[in-house]
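> This is the structure, below, for whatever I ask next.
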Amino acid sequence: MTDKSDTPESVDSDCLEAFDHLYAYVNGELTDKKSVAMIEHHLDHCRSCFSRAQIERELNERLKNSGKNTAPVALENRLKKLIEDF
Amino acid sequence: MSEAQEKKAFFSRNIRKNMDSLYSVAHRLTRNSADAQDLVAETATRAWTAIDNLEDEKRFRPWIFRILHNCYISDYRKKSVRPVEFAYDELATSDSDSEIASLLVKQPDEFLNWWANPEREVVNNLLGEDLIRAIESLPESFRSAVVLINVEGLSYDETAEVLGVSPGTVRSRMNRGRTLLQKALWQHAQEAGLISENYLMESHS
């Protein structure tokens with residue numbers, strides 16, 4: 001657990017410990033059962049972290065949809081030509 | 001079809017299949033369309049010369065992303081006129097608890113209040129272009145991790161392979177990158193008046 005003296009006043013040290021695993025958890029990358037149990041227990045009891053986890057999930061969805069670009073036709077033609085010449 | 005023709009057909013098919021993804025990642029890295037197109041073309045050229053090094057055809061996606069990332073590091077980053085970014089990597093390998101604490105302790109109280117008591121509506125009200133601007137404001141190593149994982153859907157292990165770092169470093173970069181992304185979004189939300197007055201009053205009480 002984080003030393004309280006290093007912790008910003010408005011953020012609890014238990015939350016910081018849970019936060020260390022939060023993104024891996026919401027990204028489906030947390031496989032260690034003990035860590036999953038720890039964060040799920042914390043989210044069940046901490047309204048703030050529960051809200052943050054919800055926001056991070058929603059942000060994941062927004063990023064998935066907003067960050068993508070369609071390649072311009074000029075690039076498509078350029079790559080086609082490039083590969084033909086290989 | 002000869003072996004050479006089959007190889008070329010395989011390469012062409014997979015480039016086409018991944019073209020939008022390659023262009024998206026290149027665009028987020030270079031922050032402009034012309035450089036992104038050049039980067040993808042250079043990636044395709046280098047990938048073709050190295051195609052015999054691809055051991056598992058099913059791993060084409062992380063393999064080509066790694067080549068793109070290496071092209072960006074070796075060519076485009078050197079050309080960039082943007083100021084040198086802070087060496088976050090040193091912090092990214094430090095102890096994970098203290099590293100998040102050390103990042104948060106540097107943030108303004110208003111942001112920490114929001115971080116600890118987030119408003120869901122703020123994320124819902126942000127436009128796609130706000131998210132893109134926030135992603136592009138991230139230091140490069142964090143930007144790469146966030147784009148590869150959250151936009152392109154690569155796993156932490158695949159992202160580690162692309163970036164040439166350990167999965168632990170990827171996890172660490174995600175923690176820091178997403179926290180900085182939240183800060184960029186919070187700053188934008190404040191400027192755009194998306195954070196409610198009631199919330200700001202509560203934060204200051």
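Residue names in the structure tokens use chain letters A, B, ... in the order shown, residue numbers from 1 in each chain, and ligand numbers from 1 in the order shown.
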Would you mind listing, for every residue of chain B within 6 Å of chain A, the two atoms forming the shortest contact and the distance between them in Å to one decimal, using only C-alpha atoms, sorted by chain and ascending residue number, as JSON lines?


{"residue": "B:Asp20", "atom": "CA", "partner": "A:Ala71", "partner_atom": "CA", "distance": 4.9}
{"residue": "B:Tyr23", "atom": "CA", "partner": "A:Ala71", "partner_atom": "CA", "distance": 5.7}
{"residue": "B:Ser24", "atom": "CA", "partner": "A:Asn69", "partner_atom": "CA", "distance": 4.9}
{"residue": "B:Ala101", "atom": "CA", "partner": "A:Thr7", "partner_atom": "CA", "distance": 5.8}
{"residue": "B:Val105", "atom": "CA", "partner": "A:Pro8", "partner_atom": "CA", "distance": 5.2}
{"residue": "B:Ala116", "atom": "CA", "partner": "A:Ser48", "partner_atom": "CA", "distance": 5.9}
{"residue": "B:Asn117", "atom": "CA", "partner": "A:Ser48", "partner_atom": "CA", "distance": 5.4}
{"residue": "B:Arg120", "atom": "CA", "partner": "A:Ile55", "partner_atom": "CA", "distance": 5.9}
{"residue": "B:Gly128", "atom": "CA", "partner": "A:Ser66", "partner_atom": "CA", "distance": 5.1}
{"residue": "B:Asn150", "atom": "CA", "partner": "A:Lys64", "partner_atom": "CA", "distance": 5.9}
{"residue": "B:Val151", "atom": "CA", "partner": "A:Lys64", "partner_atom": "CA", "distance": 4.3}

> Determine, counting only C-alpha atoms, which protein, DNA and RNA residues have an atom within 7 Å of an atom of Phe142 of chain B; residues of the same chain fewer than 6 positions away are not included. Present the result as number ranges by chain.

B: 173-174, 177

> Output N, CA and C atoms for every residue in the selection just made, as an mmCIF file, in the first residue's frame.


data_model
loop_
_atom_site.group_PDB
_atom_site.id
_atom_site.type_symbol
_atom_site.label_atom_id
_atom_site.label_comp_id
_atom_site.auth_asym_id
_atom_site.auth_seq_id
_atom_site.Cartn_x
_atom_site.Cartn_y
_atom_site.Cartn_z
ATOM 1 N N ARG B 173 2.640 2.080 -18.780
ATOM 2 C CA ARG B 173 2.394 3.195 -19.716
ATOM 3 C C ARG B 173 0.904 3.447 -19.885
ATOM 4 N N MET B 174 0.111 2.366 -19.841
ATOM 5 C CA MET B 174 -1.343 2.538 -19.927
ATOM 6 C C MET B 174 -1.858 3.299 -18.708
ATOM 7 N N GLY B 177 -0.597 6.843 -19.206
ATOM 8 C CA GLY B 177 -1.164 7.442 -20.412
ATOM 9 C C GLY B 177 -2.637 7.764 -20.255
#

> Grab the atom CA of Arg176 of chain B to atom CA of Gln107 of chain B distance for me, in Å with one decimal place.

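A separation of 12.4 Å between them.
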
> Give the answer as one residue: which of B:Ser33, B:Phe65, B:Lys58, B:Ile135 has the shortest atom-to-atom distance to Arg46 of chain B, using only C-alpha atoms?

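Once distances to Arg46 of chain B are computed over only C-alpha atoms, the minimum belongs to B:Phe65.
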
> Going by DSSP on the backbone, which bits of segment 124-197 of chain B are alpha helix (DSSP H)? Write them as a VMD selection string, please.

chain B and resid 124 to 125 128 to 136 140 to 146 156 to 163 167 to 191 197

> Compile the contact shell of segment 157-159 of chain B as a ChimeraX atom specification: residues with an atom at most 10 Å away, counting only C-alpha atoms, same-chain residues fewer than 5 positions apart removed.

/A:29 /B:59,61-63,65-66,144-149,164-168,170-171

> Interatomic distance between atom CA of Thr30 of chain B and atom CA of Glu136 of chain B?

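Answer for the atom CA of Thr30 of chain B to atom CA of Glu136 of chain B separation: 9.0 Å.
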
> Could you tell me how far atom CA of Asp44 of chain A lies from atom CA of Arg57 of chain A, in Å and to one decimal?

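So the two atoms, atom CA of Asp44 of chain A and atom CA of Arg57 of chain A, lie 16.2 Å apart.
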